[in-house]
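Here the structure comes first, spelled out in structure tokens, and everything after it is commentary.
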Amino acid sequence: MVKIFKLHKYSALLAGVLLFLLATTGLFLDHKNFSFMYDITFETDSQSLLKKENRLFESFWNNPADASHQMSCGHRGIFEQTKEESKEILDIQCMSLRDSSKGLFAATSDGVYIYDENIWKSFALGGEYINALSLDDTSLFAVIDKHSIVELDYTGAEIVRHDRVKIDSALLKEDIKLSRFTRDIHYGRGLFDGISSLLINDYSSVVLIFLTLSGYIAWYFIRKKKRAQLVRSIIKIHASLFSIFAIIPLLLLALSGILLDHSKLLGSWMKSVNLENAYLPPVYRSLSEDIWSIDHDKGVYYIGNRYGVYESSDLKQWDFASKGFAYRMKRIDGTLYISGMGAPNRVKVDDNYQMLKKSPHMFKDISIEKEKNIFLAHHSDVQLPEFTSITLYTLLLALHDGTFFASWWVWINDIGAVLLMVILFTGLARYMKRKKII
């Protein structure tokens, strides 16, 4: 038991600072929709960090009447570019820009906006987080925070219909790859519907933050032979069910973190491992809050989720149409373009889904200019605004994945994850010994 105690103590002392950093940054990164993550910025000369900032862009629009006029949007807001200048014209999060004969519209963290008389104005659904948007000649179709579809007329005053999507469980029996499951678990969406998975991750992060801080405080005062009563109180909470309940989710975060650290190296293997639907957590048999993309055409609704594309004529009965995570959708001249996340990009022409060749993985938006596809992706064809600052989100992400320090820092993170597992197992052994369970 003495050896277990020493292993527990020295592992914690060695990895504590790193684990505190990973837990704190992970806690914030799980809530990437929070606006303050993008309102707080830091000036920097680091080109690698500024390059990461481009990942926050989500959509773009090129003015068909003026080739020099472009708008791009993302979590930092909406930006307008002309021959003369580039400037921010709306400072709220924007997930999509879509146009029709009725105008240019934006899906934002504060409802739907319309570009009218050269300014952006609130149009409908104020206060709602709109993560996807689709337009046709008569209506707008907005997705509220991945769970509800709202159809609006072009006055913005009337909600034609508001439906939560419920897909029959018989159509949710797809297997998934280990690569998808790993990401879902680590990002707080891999166990239950709603925010439950996210709250479990939050709880685990808070516990780990407390364990690292309380462990260092107790160790310091024990060495100094001071504050004995405080130390006893800290240890009592430190070694309690409060910590024990976090062991399994912390193990999942540690293991998934190691795999994600080396996703390029292990990618092929992770995609080759198939996880059967019957053994997956409950979220994969409901996906009631998993609408990542939407489209509507000729009376047919299309939604994209982790399994693929589903079609419906009434938002009640759904049919499974195309397999593979449908991350984004956009219809151009009757053709539906579908971006895959860990899945192939596709197009739907008439009634056929086909592979979209020569397209970047997980593109966020697309336009066609002079018969050429223009993509917004990690390696973008789109000319984006240039920044001299990074957001708090980008800084936290760089700290969390280690790129803030060096490209090889992932191995340090791996060591921290392994030591966390040692800490959890030795801590559990000590707890069970104290409670005379073993």
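Every chain in the structure tokens has a letter given in the order shown (A, B, ...), and although residue numbers restart at 1 in each chain, ligands are simply numbered from 1 in the order shown.
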Would you give me, as a tab-separated table, each residue of region 134-161 of chain A having an atom within 10 Å of an atom of region 295-312 of chain A, along with its shortest atom pair and that distance in Å to one decimal, using only C-alpha atoms and sorting by chain and residue number?
```
residue	atom	partner	partner_atom	distance
A:Ser134	CA	A:Asp295	CA	5.3
A:Leu135	CA	A:His296	CA	7.4
A:Asp136	CA	A:His296	CA	7.1
A:Asp137	CA	A:Asp297	CA	9.7
A:Ser139	CA	A:His296	CA	9.3
A:Leu140	CA	A:His296	CA	9.0
A:Phe141	CA	A:His296	CA	7.6
A:Ala142	CA	A:Asp295	CA	9.4
A:Val143	CA	A:Ile303	CA	9.6
A:Lys146	CA	A:Asn305	CA	9.2
A:Ile149	CA	A:Ile303	CA	9.6
```
Rows by chain and residue number, region 238-338 of chain A within 12 Å of region 413-432 of chain A, shortest pair, only C-alpha atoms, as CSV:
```
residue,atom,partner,partner_atom,distance
A:His238,CA,A:Gly427,CA,9.7
A:Ala239,CA,A:Tyr431,CA,6.5
A:Ser240,CA,A:Tyr431,CA,7.8
A:Leu241,CA,A:Tyr431,CA,9.3
A:Phe242,CA,A:Tyr431,CA,11.9
A:Ser243,CA,A:Leu428,CA,9.2
A:Ile244,CA,A:Leu428,CA,7.1
A:Phe245,CA,A:Leu428,CA,10.5
A:Ala246,CA,A:Leu424,CA,9.3
A:Ile247,CA,A:Leu424,CA,6.4
A:Ile248,CA,A:Leu424,CA,9.2
A:Pro249,CA,A:Leu424,CA,11.0
A:Leu250,CA,A:Met421,CA,8.3
A:Leu251,CA,A:Met421,CA,6.4
A:Leu252,CA,A:Met421,CA,9.9
A:Leu253,CA,A:Ala417,CA,8.6
A:Ala254,CA,A:Ala417,CA,5.0
A:Leu255,CA,A:Ala417,CA,7.3
A:Ser256,CA,A:Ala417,CA,9.6
A:Gly257,CA,A:Ala417,CA,7.6
A:Ile258,CA,A:Asp414,CA,5.6
A:Leu259,CA,A:Asp414,CA,9.2
A:Leu260,CA,A:Asp414,CA,10.2
A:Asp261,CA,A:Asp414,CA,7.7
A:His262,CA,A:Asp414,CA,9.6
```
Write to file, as a PDB file, in the first residue's frame, the residues of the selection just made, with N, CA and C atoms.
```
ATOM      1  N   HIS A 238     -10.970  15.220  -1.259  1.00  0.00           N
ATOM      2  CA  HIS A 238     -10.120  14.697  -2.330  1.00  0.00           C
ATOM      3  C   HIS A 238     -10.375  13.207  -2.547  1.00  0.00           C
ATOM      4  N   ALA A 239     -10.493  12.463  -1.476  1.00  0.00           N
ATOM      5  CA  ALA A 239     -10.706  11.011  -1.548  1.00  0.00           C
ATOM      6  C   ALA A 239     -12.144  10.693  -1.179  1.00  0.00           C
ATOM      7  N   SER A 240     -13.096  11.113  -2.020  1.00  0.00           N
ATOM      8  CA  SER A 240     -14.517  10.906  -1.747  1.00  0.00           C
ATOM      9  C   SER A 240     -15.230  10.458  -3.012  1.00  0.00           C
ATOM     10  N   LEU A 241     -16.523  10.178  -2.881  1.00  0.00           N
ATOM     11  CA  LEU A 241     -17.313   9.770  -4.041  1.00  0.00           C
ATOM     12  C   LEU A 241     -17.350  10.863  -5.107  1.00  0.00           C
ATOM     13  N   PHE A 242     -17.178  12.111  -4.675  1.00  0.00           N
ATOM     14  CA  PHE A 242     -17.087  13.233  -5.616  1.00  0.00           C
ATOM     15  C   PHE A 242     -16.023  12.956  -6.675  1.00  0.00           C
ATOM     16  N   SER A 243     -14.916  12.372  -6.260  1.00  0.00           N
ATOM     17  CA  SER A 243     -13.829  12.041  -7.187  1.00  0.00           C
ATOM     18  C   SER A 243     -14.046  10.688  -7.859  1.00  0.00           C
ATOM     19  N   ILE A 244     -14.561   9.724  -7.106  1.00  0.00           N
ATOM     20  CA  ILE A 244     -14.736   8.371  -7.636  1.00  0.00           C
ATOM     21  C   ILE A 244     -15.672   8.371  -8.842  1.00  0.00           C
ATOM     22  N   PHE A 245     -16.745   9.167  -8.784  1.00  0.00           N
ATOM     23  CA  PHE A 245     -17.711   9.191  -9.884  1.00  0.00           C
ATOM     24  C   PHE A 245     -17.103   9.714 -11.186  1.00  0.00           C
ATOM     25  N   ALA A 246     -15.991  10.421 -11.098  1.00  0.00           N
ATOM     26  CA  ALA A 246     -15.375  10.997 -12.301  1.00  0.00           C
ATOM     27  C   ALA A 246     -14.358  10.066 -12.951  1.00  0.00           C
ATOM     28  N   ILE A 247     -14.086   8.920 -12.342  1.00  0.00           N
ATOM     29  CA  ILE A 247     -13.010   8.057 -12.844  1.00  0.00           C
ATOM     30  C   ILE A 247     -13.278   7.574 -14.261  1.00  0.00           C
ATOM     31  N   ILE A 248     -14.473   7.016 -14.507  1.00  0.00           N
ATOM     32  CA  ILE A 248     -14.753   6.460 -15.838  1.00  0.00           C
ATOM     33  C   ILE A 248     -14.734   7.543 -16.920  1.00  0.00           C
ATOM     34  N   PRO A 249     -15.443   8.671 -16.748  1.00  0.00           N
ATOM     35  CA  PRO A 249     -15.355   9.695 -17.805  1.00  0.00           C
ATOM     36  C   PRO A 249     -13.944  10.252 -17.984  1.00  0.00           C
ATOM     37  N   LEU A 250     -13.159  10.345 -16.895  1.00  0.00           N
ATOM     38  CA  LEU A 250     -11.781  10.823 -17.036  1.00  0.00           C
ATOM     39  C   LEU A 250     -10.930   9.815 -17.807  1.00  0.00           C
ATOM     40  N   LEU A 251     -11.173   8.534 -17.579  1.00  0.00           N
ATOM     41  CA  LEU A 251     -10.461   7.507 -18.351  1.00  0.00           C
ATOM     42  C   LEU A 251     -10.811   7.606 -19.830  1.00  0.00           C
ATOM     43  N   LEU A 252     -12.092   7.826 -20.129  1.00  0.00           N
ATOM     44  CA  LEU A 252     -12.512   7.972 -21.524  1.00  0.00           C
ATOM     45  C   LEU A 252     -11.863   9.193 -22.174  1.00  0.00           C
ATOM     46  N   LEU A 253     -11.790  10.286 -21.432  1.00  0.00           N
ATOM     47  CA  LEU A 253     -11.156  11.494 -21.964  1.00  0.00           C
ATOM     48  C   LEU A 253      -9.661  11.273 -22.194  1.00  0.00           C
ATOM     49  N   ALA A 254      -9.000  10.569 -21.274  1.00  0.00           N
ATOM     50  CA  ALA A 254      -7.563  10.317 -21.416  1.00  0.00           C
ATOM     51  C   ALA A 254      -7.283   9.427 -22.628  1.00  0.00           C
ATOM     52  N   LEU A 255      -8.033   8.342 -22.755  1.00  0.00           N
ATOM     53  CA  LEU A 255      -7.805   7.408 -23.864  1.00  0.00           C
ATOM     54  C   LEU A 255      -8.149   8.049 -25.207  1.00  0.00           C
ATOM     55  N   SER A 256      -9.283   8.761 -25.276  1.00  0.00           N
ATOM     56  CA  SER A 256      -9.667   9.408 -26.535  1.00  0.00           C
ATOM     57  C   SER A 256      -8.692  10.527 -26.882  1.00  0.00           C
ATOM     58  N   GLY A 257      -8.167  11.209 -25.858  1.00  0.00           N
ATOM     59  CA  GLY A 257      -7.186  12.265 -26.100  1.00  0.00           C
ATOM     60  C   GLY A 257      -5.914  11.720 -26.726  1.00  0.00           C
ATOM     61  N   ILE A 258      -5.453  10.571 -26.247  1.00  0.00           N
ATOM     62  CA  ILE A 258      -4.249   9.952 -26.818  1.00  0.00           C
ATOM     63  C   ILE A 258      -4.485   9.596 -28.285  1.00  0.00           C
ATOM     64  N   LEU A 259      -5.642   9.007 -28.574  1.00  0.00           N
ATOM     65  CA  LEU A 259      -5.943   8.636 -29.962  1.00  0.00           C
ATOM     66  C   LEU A 259      -6.028   9.872 -30.863  1.00  0.00           C
ATOM     67  N   LEU A 260      -6.650  10.929 -30.370  1.00  0.00           N
ATOM     68  CA  LEU A 260      -6.785  12.144 -31.181  1.00  0.00           C
ATOM     69  C   LEU A 260      -5.452  12.848 -31.372  1.00  0.00           C
ATOM     70  N   ASP A 261      -4.566  12.742 -30.384  1.00  0.00           N
ATOM     71  CA  ASP A 261      -3.230  13.325 -30.534  1.00  0.00           C
ATOM     72  C   ASP A 261      -2.502  12.751 -31.745  1.00  0.00           C
ATOM     73  N   HIS A 262      -2.833  11.524 -32.091  1.00  0.00           N
ATOM     74  CA  HIS A 262      -2.125  10.844 -33.186  1.00  0.00           C
ATOM     75  C   HIS A 262      -3.107  10.387 -34.259  1.00  0.00           C
TER      76      HIS A 262
END
```
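Checking A:Gln383, A:Asn33, A:Ser196, A:Thr388 one by one against Gln81 (chain A), counting only C-alpha atoms, you find the shortest gap at A:Gln383.
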Review point. A:Leu90, A:Val17, A:Ile237, A:Leu56: which is nearest Leu376 (chain A), counting only C-alpha atoms?
Key: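 Closest to Leu376 (chain A), using only C-alpha atoms: A:Leu56.
Compared by their closest atoms to Val112 (chain A), and using only C-alpha atoms, the residues A:Glu128, A:Asp290, A:Glu58, A:Asp145 rank with A:Glu128 nearest.
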Check your understanding: What are the DSSP alpha helix (DSSP H) residues of region 205-431 of chain A, as a PyMOL selection string?
Key -> chain A and resi 205-224+228-238+241-244+247-261+263-272+392-401+409-431
Point to revise | Those in region 88-240 of chain A with strand (DSSP E or B) from DSSP, as a ChimeraX atom specification | key: /A:88-90,94-100,103-109,111-116,119-124,130-135,139-144,148-153,159-164,176-177
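You will find CA of Asp193 (chain A) at 27.1 Å from CA of Arg346 (chain A).
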Point to revise | Computed interatomic separation between CA of Trp292 (chain A) and CA of Thr391 (chain A) (Å) | key: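 Separating CA of Trp292 (chain A) from CA of Thr391 (chain A) is a distance of 24.0 Å.
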Check your understanding: In terms of the shortest atom-to-atom distance over only C-alpha atoms, which of A:Ala124, A:Ala65, A:Leu97, A:Met270 is closest to Gly77 (chain A)?
Key -> A:Leu97
Check your understanding: Hey, what's within 10 Å of region 332-337 of chain A if we count only C-alpha atoms and toss same-chain stuff fewer than 4 positions away? As JSON, numbers by chain, please?
Key -> {"A": [295, 296, 297, 302, 326, 328, 345, 346, 347, 348, 349, 350, 353, 354, 355, 356, 365, 366, 367, 368]}
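Counting only C-alpha atoms, the residue from A:Lys316, A:Arg183, A:Arg76, A:Lys370 that sits nearest to Val165 (chain A) is A:Lys316.
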Study note, to complete from the structure: Of A:Ile437, A:Met362, A:Cys94, A:Ile291, the one nearest to Phe57 (chain A) when counting only C-alpha atoms is A:Cys94
Practice item. Within 12 Å of Asp39 (chain A), counting only C-alpha atoms, which residues show up once you throw out same-chain ones fewer than 2 positions away? Write them as a ChimeraX atom specification, please. Key: /A:33-37,41-42,75-77,91-93,389-394
Practice item. Would you kindly return, as a VMD selection string, each protein, DNA or RNA residue with an atom no farther than 8 Å from any atom of Gly26 (chain A), considering only C-alpha atoms and excluding same-chain residues fewer than 3 positions away? Key: chain A and resid 22 to 23 29 to 30 205 400
Review point. Which neighbours of Thr82 (chain A) fall inside 8 Å, counting only C-alpha atoms, when residues of the same chain fewer than 5 positions from it are skipped, and could you give them as a ChimeraX atom specification?
Key: /A:68-70
